[in-house]
$ cat upload-v4.tsv   # TSV, C-alpha atoms
chain	number	residue	atom	x	y	z
A	1	THR	CA	-27.55	-62.06	-43.22
A	2	HIS	CA	-30.43	-64.29	-44.35
A	3	ALA	CA	-32.63	-63.07	-41.49
A	4	ALA	CA	-31.86	-59.41	-42.26
A	5	ASN	CA	-32.59	-59.90	-45.97
A	6	ALA	CA	-35.85	-61.68	-45.19
A	7	ILE	CA	-37.04	-58.91	-42.85
A	8	ALA	CA	-36.05	-56.26	-45.41
A	9	ALA	CA	-37.94	-58.08	-48.17
A	10	PHE	CA	-41.04	-58.30	-45.98
A	11	GLU	CA	-40.90	-54.60	-45.11
A	12	ALA	CA	-40.37	-53.59	-48.75
A	13	ALA	CA	-43.37	-55.65	-49.91
A	14	SER	CA	-45.85	-55.22	-47.06
A	15	TRP	CA	-44.98	-51.76	-45.76
A	16	ARG	CA	-44.44	-49.95	-49.04
A	17	ALA	CA	-46.49	-46.76	-48.83
A	18	ASP	CA	-46.49	-45.05	-52.22
A	19	ASN	CA	-50.16	-44.99	-53.11
A	20	SER	CA	-51.39	-42.03	-51.08
A	21	PRO	CA	-53.67	-39.46	-52.73
A	22	PHE	CA	-50.59	-37.24	-53.06
A	23	ASP	CA	-48.65	-40.02	-54.84
A	24	ARG	CA	-51.54	-40.59	-57.23
A	25	PHE	CA	-51.79	-36.83	-57.83
A	26	LEU	CA	-48.10	-36.72	-58.76
A	27	ARG	CA	-48.65	-39.60	-61.16
A	28	GLY	CA	-51.21	-37.53	-63.04
A	29	GLU	CA	-54.48	-38.46	-61.30
A	30	ARG	CA	-55.67	-34.89	-60.79
A	31	GLY	CA	-58.81	-35.92	-58.92
A	32	ALA	CA	-56.86	-37.88	-56.30
A	33	MET	CA	-56.66	-34.91	-53.91
A	34	SER	CA	-59.40	-32.54	-52.80
A	35	LEU	CA	-59.23	-28.88	-53.76
A	36	SER	CA	-58.47	-28.06	-50.12
A	37	ALA	CA	-55.57	-30.55	-50.07
A	38	ILE	CA	-54.20	-29.07	-53.31
A	39	ALA	CA	-54.37	-25.62	-51.74
A	40	GLY	CA	-52.59	-27.05	-48.69
A	41	MET	CA	-49.91	-28.48	-50.96
A	42	ARG	CA	-49.25	-24.98	-52.25
A	43	VAL	CA	-48.98	-23.70	-48.66
A	44	PHE	CA	-46.59	-26.57	-47.86
A	45	TYR	CA	-44.23	-25.94	-50.79
A	46	SER	CA	-44.43	-22.15	-51.05
A	47	PRO	CA	-41.38	-20.30	-49.62
A	48	GLY	CA	-43.66	-17.36	-48.92
A	49	LYS	CA	-46.20	-19.42	-46.97
A	50	GLY	CA	-45.51	-22.60	-45.00
A	51	ASN	CA	-42.09	-23.23	-46.55
A	52	CYS	CA	-42.34	-26.73	-45.06
A	53	ALA	CA	-40.32	-28.25	-47.92
A	54	SER	CA	-37.21	-26.38	-46.80
A	55	CYS	CA	-36.82	-29.29	-44.35
A	56	HIS	CA	-39.46	-31.83	-45.39
A	57	ALA	CA	-38.07	-32.30	-48.89
A	58	GLY	CA	-37.61	-35.14	-51.34
A	59	THR	CA	-39.39	-38.45	-51.85
A	60	PHE	CA	-39.72	-39.14	-48.14
A	61	GLN	CA	-40.44	-35.50	-47.30
A	62	THR	CA	-37.41	-35.12	-45.09
A	63	ASP	CA	-33.91	-33.89	-45.83
A	64	HIS	CA	-32.67	-36.05	-42.92
A	65	SER	CA	-31.10	-33.01	-41.31
A	66	PHE	CA	-31.19	-32.16	-37.60
A	67	ARG	CA	-33.06	-29.01	-36.54
A	68	ALA	CA	-33.87	-27.26	-33.29
A	69	ILE	CA	-37.46	-26.00	-33.34
A	70	ALA	CA	-38.16	-25.48	-29.64
A	71	ARG	CA	-39.86	-28.81	-29.05
A	72	PRO	CA	-41.12	-29.22	-25.46
A	73	GLN	CA	-39.00	-31.67	-23.49
A	74	VAL	CA	-41.30	-34.08	-21.66
A	75	GLY	CA	-40.53	-37.35	-19.97
A	76	PRO	CA	-37.44	-38.37	-18.00
A	77	GLY	CA	-35.02	-37.20	-20.70
A	78	LYS	CA	-31.65	-38.79	-21.38
A	79	GLY	CA	-29.81	-37.62	-18.29
A	80	ASP	CA	-28.30	-34.55	-19.94
A	81	GLY	CA	-27.95	-31.11	-18.38
A	82	ALA	CA	-30.12	-30.97	-15.30
A	83	GLY	CA	-30.58	-34.73	-15.59
A	84	TYR	CA	-34.02	-34.69	-17.20
A	85	GLU	CA	-32.99	-33.07	-20.48
A	86	ASP	CA	-32.28	-34.58	-23.88
A	87	PHE	CA	-29.55	-32.73	-25.78
A	88	GLY	CA	-30.52	-34.41	-29.05
A	89	ARG	CA	-27.91	-34.53	-31.82
A	90	GLU	CA	-25.20	-33.22	-29.49
A	91	ARG	CA	-25.20	-36.61	-27.76
A	92	VAL	CA	-23.84	-38.10	-30.99
A	93	SER	CA	-21.81	-35.27	-32.53
A	94	GLY	CA	-20.37	-33.86	-29.31
A	95	ASP	CA	-20.88	-30.40	-30.83
A	96	PRO	CA	-22.62	-27.96	-28.43
A	97	SER	CA	-24.18	-26.18	-31.44
A	98	ASP	CA	-26.22	-29.36	-32.04
A	99	ARG	CA	-27.94	-29.11	-28.66
A	100	TYR	CA	-31.72	-29.62	-28.91
A	101	ARG	CA	-31.50	-30.53	-32.57
A	102	PHE	CA	-33.46	-33.61	-33.63
A	103	ARG	CA	-33.82	-35.34	-36.98
A	104	VAL	CA	-36.47	-34.01	-39.35
A	105	PRO	CA	-38.99	-36.87	-39.63
A	106	SER	CA	-40.57	-38.21	-42.78
A	107	LEU	CA	-44.15	-37.09	-43.33
A	108	ARG	CA	-45.25	-40.31	-45.04
A	109	ASN	CA	-48.41	-41.49	-43.26
A	110	VAL	CA	-47.90	-38.67	-40.76
A	111	ALA	CA	-51.59	-38.60	-39.82
A	112	LEU	CA	-51.15	-42.12	-38.41
A	113	THR	CA	-48.01	-41.58	-36.35
A	114	ALA	CA	-49.09	-39.65	-33.25
A	115	PRO	CA	-47.81	-38.61	-30.80
A	116	TYR	CA	-45.48	-36.09	-32.40
A	117	GLY	CA	-42.09	-34.63	-31.57
A	118	HIS	CA	-38.99	-36.43	-30.33
A	119	SER	CA	-40.57	-36.82	-26.90
A	120	GLY	CA	-44.18	-37.30	-28.03
A	121	ALA	CA	-45.22	-33.96	-26.58
A	122	TYR	CA	-48.04	-33.30	-29.06
A	123	ASP	CA	-51.01	-35.64	-29.25
A	124	THR	CA	-52.58	-34.41	-32.50
A	125	LEU	CA	-51.39	-33.48	-35.96
A	126	GLU	CA	-53.03	-30.07	-35.68
A	127	ALA	CA	-51.21	-29.34	-32.42
A	128	VAL	CA	-47.79	-30.10	-33.88
A	129	VAL	CA	-48.54	-28.09	-37.04
A	130	ARG	CA	-49.51	-25.11	-34.92
A	131	HIS	CA	-46.25	-25.49	-32.99
A	132	HIS	CA	-44.42	-24.80	-36.25
A	133	LEU	CA	-46.24	-21.48	-36.68
A	134	ASP	CA	-44.46	-19.95	-33.69
A	135	PRO	CA	-42.22	-22.51	-31.97
A	136	VAL	CA	-41.01	-20.35	-29.07
A	137	ALA	CA	-44.50	-19.13	-28.15
A	138	SER	CA	-45.77	-22.70	-28.45
A	139	LEU	CA	-43.00	-23.93	-26.16
A	140	TYR	CA	-43.89	-21.46	-23.42
A	141	ASP	CA	-47.62	-22.08	-23.84
A	142	TYR	CA	-47.35	-25.87	-23.93
A	143	ASP	CA	-50.48	-27.59	-22.63
A	144	ALA	CA	-49.27	-30.63	-20.69
A	145	SER	CA	-52.80	-32.07	-20.48
A	146	GLN	CA	-52.37	-33.42	-24.02
A	147	LEU	CA	-49.44	-35.61	-22.97
A	148	ARG	CA	-50.29	-39.31	-23.36
A	149	VAL	CA	-47.95	-41.58	-21.45
A	150	PRO	CA	-48.55	-44.76	-19.43
A	151	ALA	CA	-48.90	-44.04	-15.73
A	152	ARG	CA	-45.93	-45.21	-13.70
A	153	ALA	CA	-45.41	-44.01	-10.15
A	154	ASP	CA	-41.62	-43.83	-10.34
A	155	LEU	CA	-41.64	-41.79	-13.58
A	156	ASP	CA	-44.77	-39.62	-13.42
A	157	ALA	CA	-43.05	-36.98	-11.32
A	158	GLN	CA	-40.30	-36.63	-13.94
A	159	ASP	CA	-42.51	-36.06	-16.97
A	160	LEU	CA	-42.78	-32.29	-16.61
A	161	GLU	CA	-39.55	-31.45	-14.80
A	162	ALA	CA	-37.90	-29.99	-17.89
A	163	ILE	CA	-40.76	-27.73	-18.98
A	164	ASN	CA	-41.22	-26.59	-15.39
A	165	ASP	CA	-37.58	-25.49	-15.27
A	166	PRO	CA	-37.28	-21.85	-16.51
A	167	ALA	CA	-33.59	-22.29	-17.34
A	168	VAL	CA	-34.26	-25.32	-19.53
A	169	LEU	CA	-37.15	-23.59	-21.29
A	170	ALA	CA	-34.98	-20.55	-21.99
A	171	ALA	CA	-32.16	-22.71	-23.37
A	172	ILE	CA	-34.52	-24.61	-25.69
A	173	ALA	CA	-36.08	-21.32	-26.86
A	174	THR	CA	-32.66	-19.77	-27.54
A	175	ALA	CA	-31.63	-22.75	-29.67
A	176	ASN	CA	-34.72	-22.45	-31.89
A	177	GLU	CA	-33.94	-22.14	-35.62
A	178	LEU	CA	-37.47	-21.85	-37.02
A	179	PRO	CA	-38.90	-18.32	-37.45
A	180	PRO	CA	-42.63	-17.69	-36.96
A	181	VAL	CA	-44.88	-18.39	-39.94
A	182	GLY	CA	-47.94	-16.30	-40.72
A	183	LEU	CA	-50.82	-18.50	-41.92
A	184	THR	CA	-54.54	-17.86	-41.80
A	185	GLU	CA	-56.89	-20.33	-40.15
A	186	ARG	CA	-58.07	-21.38	-43.60
A	187	GLU	CA	-54.49	-22.07	-44.70
A	188	VAL	CA	-53.83	-24.11	-41.56
A	189	GLY	CA	-56.91	-26.22	-42.37
A	190	GLN	CA	-55.77	-26.65	-45.97
A	191	LEU	CA	-52.30	-27.65	-44.82
A	192	LEU	CA	-53.80	-30.29	-42.53
A	193	ASP	CA	-55.89	-31.62	-45.43
A	194	PHE	CA	-52.71	-31.96	-47.49
A	195	LEU	CA	-50.92	-33.80	-44.69
A	196	HIS	CA	-53.83	-36.23	-44.46
A	197	ALA	CA	-53.46	-36.78	-48.21
A	198	LEU	CA	-50.02	-38.31	-47.50
A	199	THR	CA	-51.65	-41.42	-46.01
A	200	ASP	CA	-51.53	-44.60	-48.07
A	201	PRO	CA	-54.92	-46.34	-47.60
A	202	ALA	CA	-53.13	-49.68	-47.27
A	203	MET	CA	-51.65	-48.47	-43.98
A	204	LEU	CA	-55.05	-47.92	-42.37
A	205	ASP	CA	-55.53	-51.59	-41.49
A	206	MET	CA	-52.40	-53.74	-41.19
A	207	ARG	CA	-53.86	-56.62	-39.24
A	208	GLY	CA	-53.24	-58.88	-42.23
A	209	ASP	CA	-49.49	-58.56	-41.63
A	210	VAL	CA	-49.76	-60.42	-38.32
A	211	PRO	CA	-48.92	-64.11	-38.84
A	212	GLY	CA	-51.01	-66.84	-37.31
A	213	SER	CA	-47.88	-68.39	-35.85
A	214	VAL	CA	-44.11	-68.13	-35.95
A	215	PRO	CA	-41.53	-70.91	-36.50
A	216	SER	CA	-40.23	-70.62	-32.94
A	217	GLY	CA	-43.64	-71.47	-31.53
A	218	LEU	CA	-43.51	-68.46	-29.24
A	219	PRO	CA	-46.91	-66.90	-28.45
A	220	LEU	CA	-48.01	-63.79	-30.35
A	221	GLY	CA	-49.51	-60.70	-28.78
A	222	ASP	CA	-53.27	-60.32	-29.05
$ encode --input "upload-v4.tsv" --output "structure tokens"
Amino acid sequence: THAANAIAAFEAASWRADNSPFDRFLRGERGAMSLSAIAGMRVFYSPGKGNCASCHAGTFQTDHSFRAIARPQVGPGKGDGAGYEDFGRERVSGDPSDRYRFRVPSLRNVALTAPYGHSGAYDTLEAVVRHHLDPVASLYDYDASQLRVPARADLDAQDLEAINDPAVLAAIATANELPPVGLTEREVGQLLDFLHALTDPAMLDMRGDVPGSVPSGLPLGD
């Protein structure tokens, strides 16, 4: 209990991220965000535009729900279906209607948390935002060259098995719950500017959180 409380206290003090430009804007500092980011905020929250807040809602910009949005399945999977699939929430709920649903992530510091998607399929924030514009088309057009995984001879051959399987692709596409969104290129750029405004500057360099030593005397990573 003492160890858990100590770790929680450290995380609450050192990893508190509530001073992003967006946070400061909400606290009344109108110059905290650029005009483009403010326009992107409107795209984000508008039901007639991005409608992102229908899932990414609340203080942490997630409603903690599970959604199927046709994410590409890359990597060895969890052993579901054909063996290289990941059935997502169904693995926990046992409900077939939860297949390919994954938890909606928080968008706090989202510009710093690549790769994106439950399997890390998208390497950039722009790529994952564009996936949301038309998830099914994005699934079928997935560019595997952006995948960033450590090379390992016994796993490399499994990385693309799922997206190379037409039946798996069709099943993921059928489960999709997110309709296409019509945004202009300018609006996409504004939305990206807003998402970058969710970064707390204190999170940009966290090397100060690394202790010089630990009580056990065990060596620390470089």
$ residues_around --input "upload-v4.tsv" --residues "range 105-110 of chain A" --least-positions-apart "6" --cutoff "10 Å" --atoms "only C-alpha atoms" --output "PDB file with C-alpha atoms, in the coordinates of the input"
ATOM      1  CA  ALA A  17     -46.490 -46.760 -48.830  1.00  0.00           C
ATOM      2  CA  ASP A  18     -46.490 -45.050 -52.220  1.00  0.00           C
ATOM      3  CA  SER A  20     -51.390 -42.030 -51.080  1.00  0.00           C
ATOM      4  CA  CYS A  55     -36.820 -29.290 -44.350  1.00  0.00           C
ATOM      5  CA  HIS A  56     -39.460 -31.830 -45.390  1.00  0.00           C
ATOM      6  CA  ALA A  57     -38.070 -32.300 -48.890  1.00  0.00           C
ATOM      7  CA  GLY A  58     -37.610 -35.140 -51.340  1.00  0.00           C
ATOM      8  CA  THR A  59     -39.390 -38.450 -51.850  1.00  0.00           C
ATOM      9  CA  PHE A  60     -39.720 -39.140 -48.140  1.00  0.00           C
ATOM     10  CA  GLN A  61     -40.440 -35.500 -47.300  1.00  0.00           C
ATOM     11  CA  THR A  62     -37.410 -35.120 -45.090  1.00  0.00           C
ATOM     12  CA  ASP A  63     -33.910 -33.890 -45.830  1.00  0.00           C
ATOM     13  CA  HIS A  64     -32.670 -36.050 -42.920  1.00  0.00           C
ATOM     14  CA  SER A  65     -31.100 -33.010 -41.310  1.00  0.00           C
ATOM     15  CA  PHE A  66     -31.190 -32.160 -37.600  1.00  0.00           C
ATOM     16  CA  TYR A 116     -45.480 -36.090 -32.400  1.00  0.00           C
ATOM     17  CA  GLY A 117     -42.090 -34.630 -31.570  1.00  0.00           C
ATOM     18  CA  HIS A 118     -38.990 -36.430 -30.330  1.00  0.00           C
ATOM     19  CA  LEU A 125     -51.390 -33.480 -35.960  1.00  0.00           C
ATOM     20  CA  LEU A 195     -50.920 -33.800 -44.690  1.00  0.00           C
ATOM     21  CA  HIS A 196     -53.830 -36.230 -44.460  1.00  0.00           C
ATOM     22  CA  ALA A 197     -53.460 -36.780 -48.210  1.00  0.00           C
ATOM     23  CA  LEU A 198     -50.020 -38.310 -47.500  1.00  0.00           C
ATOM     24  CA  THR A 199     -51.650 -41.420 -46.010  1.00  0.00           C
ATOM     25  CA  ASP A 200     -51.530 -44.600 -48.070  1.00  0.00           C
ATOM     26  CA  PRO A 201     -54.920 -46.340 -47.600  1.00  0.00           C
ATOM     27  CA  MET A 203     -51.650 -48.470 -43.980  1.00  0.00           C
ATOM     28  CA  LEU A 204     -55.050 -47.920 -42.370  1.00  0.00           C
TER      29      LEU A 204
END
$ residues_around --input "upload-v4.tsv" --residues "Asp159 in chain A" --least-positions-apart "2" --cutoff "8 Å" --atoms "all atoms listed in the file" --output "JSON, numbers by chain"
{"A": [74, 75, 76, 155, 156, 157, 161, 162]}
$ atom_distance --input "upload-v4.tsv" --atom1 "CA of Gln73 in chain A" --atom2 "CA of Ile163 in chain A"
6.2 Å
$ residues_around --input "upload-v4.tsv" --residues "Ser97 in chain A" --least-positions-apart "2" --cutoff "12 Å" --atoms "only C-alpha atoms" --output "list in words"
Phe66, Arg67, Ala68, Phe87, Gly88, Arg89, Glu90, Arg91, Val92, Ser93, Gly94, Asp95, Arg99, Tyr100, Arg101, Ala171, Ile172, Thr174, Ala175, Asn176 and Glu177 of chain A
$ atom_distance --input "upload-v4.tsv" --atom1 "CA of Leu133 in chain A" --atom2 "CA of Val188 in chain A"
9.4 Å
$ atom_distance --input "upload-v4.tsv" --atom1 "CA of Ser34 in chain A" --atom2 "CA of Trp15 in chain A"
25.0 Å
$ closest_residue --input "upload-v4.tsv" --among "A:Phe194, A:Ala121, A:Pro179, A:Ala127" --to "Leu160 in chain A" --atoms "only C-alpha atoms"
A:Ala121
$ closest_residue --input "upload-v4.tsv" --among "A:His131, A:Arg24, A:Arg186, A:Arg207" --to "Gly40 in chain A" --atoms "all atoms listed in the file"
A:Arg186
$ closest_residue --input "upload-v4.tsv" --among "A:Tyr45, A:Phe102, A:Tyr140, A:Phe25" --to "Val168 in chain A" --atoms "all atoms listed in the file"
A:Tyr140
$ closest_residue --input "upload-v4.tsv" --among "A:Arg42, A:Arg71, A:Arg103, A:Arg152" --to "Val128 in chain A" --atoms "all atoms listed in the file"
A:Arg71
$ residues_around --input "upload-v4.tsv" --residues "Arg148 in chain A" --least-positions-apart "3" --cutoff "8 Å" --atoms "all atoms listed in the file" --output "PDB file with C-alpha atoms, in the coordinates of the input"
ATOM      1  CA  PRO A 115     -47.810 -38.610 -30.800  1.00  0.00           C
ATOM      2  CA  GLY A 120     -44.180 -37.300 -28.030  1.00  0.00           C
ATOM      3  CA  ASP A 123     -51.010 -35.640 -29.250  1.00  0.00           C
TER       4      ASP A 123
END
$ closest_residue --input "upload-v4.tsv" --among "A:Gly208, A:Asp193, A:Ala137, A:Pro150" --to "Met33 in chain A" --atoms "only C-alpha atoms"
A:Asp193
$ closest_residue --input "upload-v4.tsv" --among "A:Val129, A:Val214, A:Ala144, A:Val43" --to "Ala111 in chain A" --atoms "all atoms listed in the file"
A:Val129
$ residues_around --input "upload-v4.tsv" --residues "Gly182 in chain A" --least-positions-apart "2" --cutoff "12 Å" --atoms "only C-alpha atoms" --output "PyMOL selection string"
chain A and resi 43+47-51+130+132-134+179-180+184-188
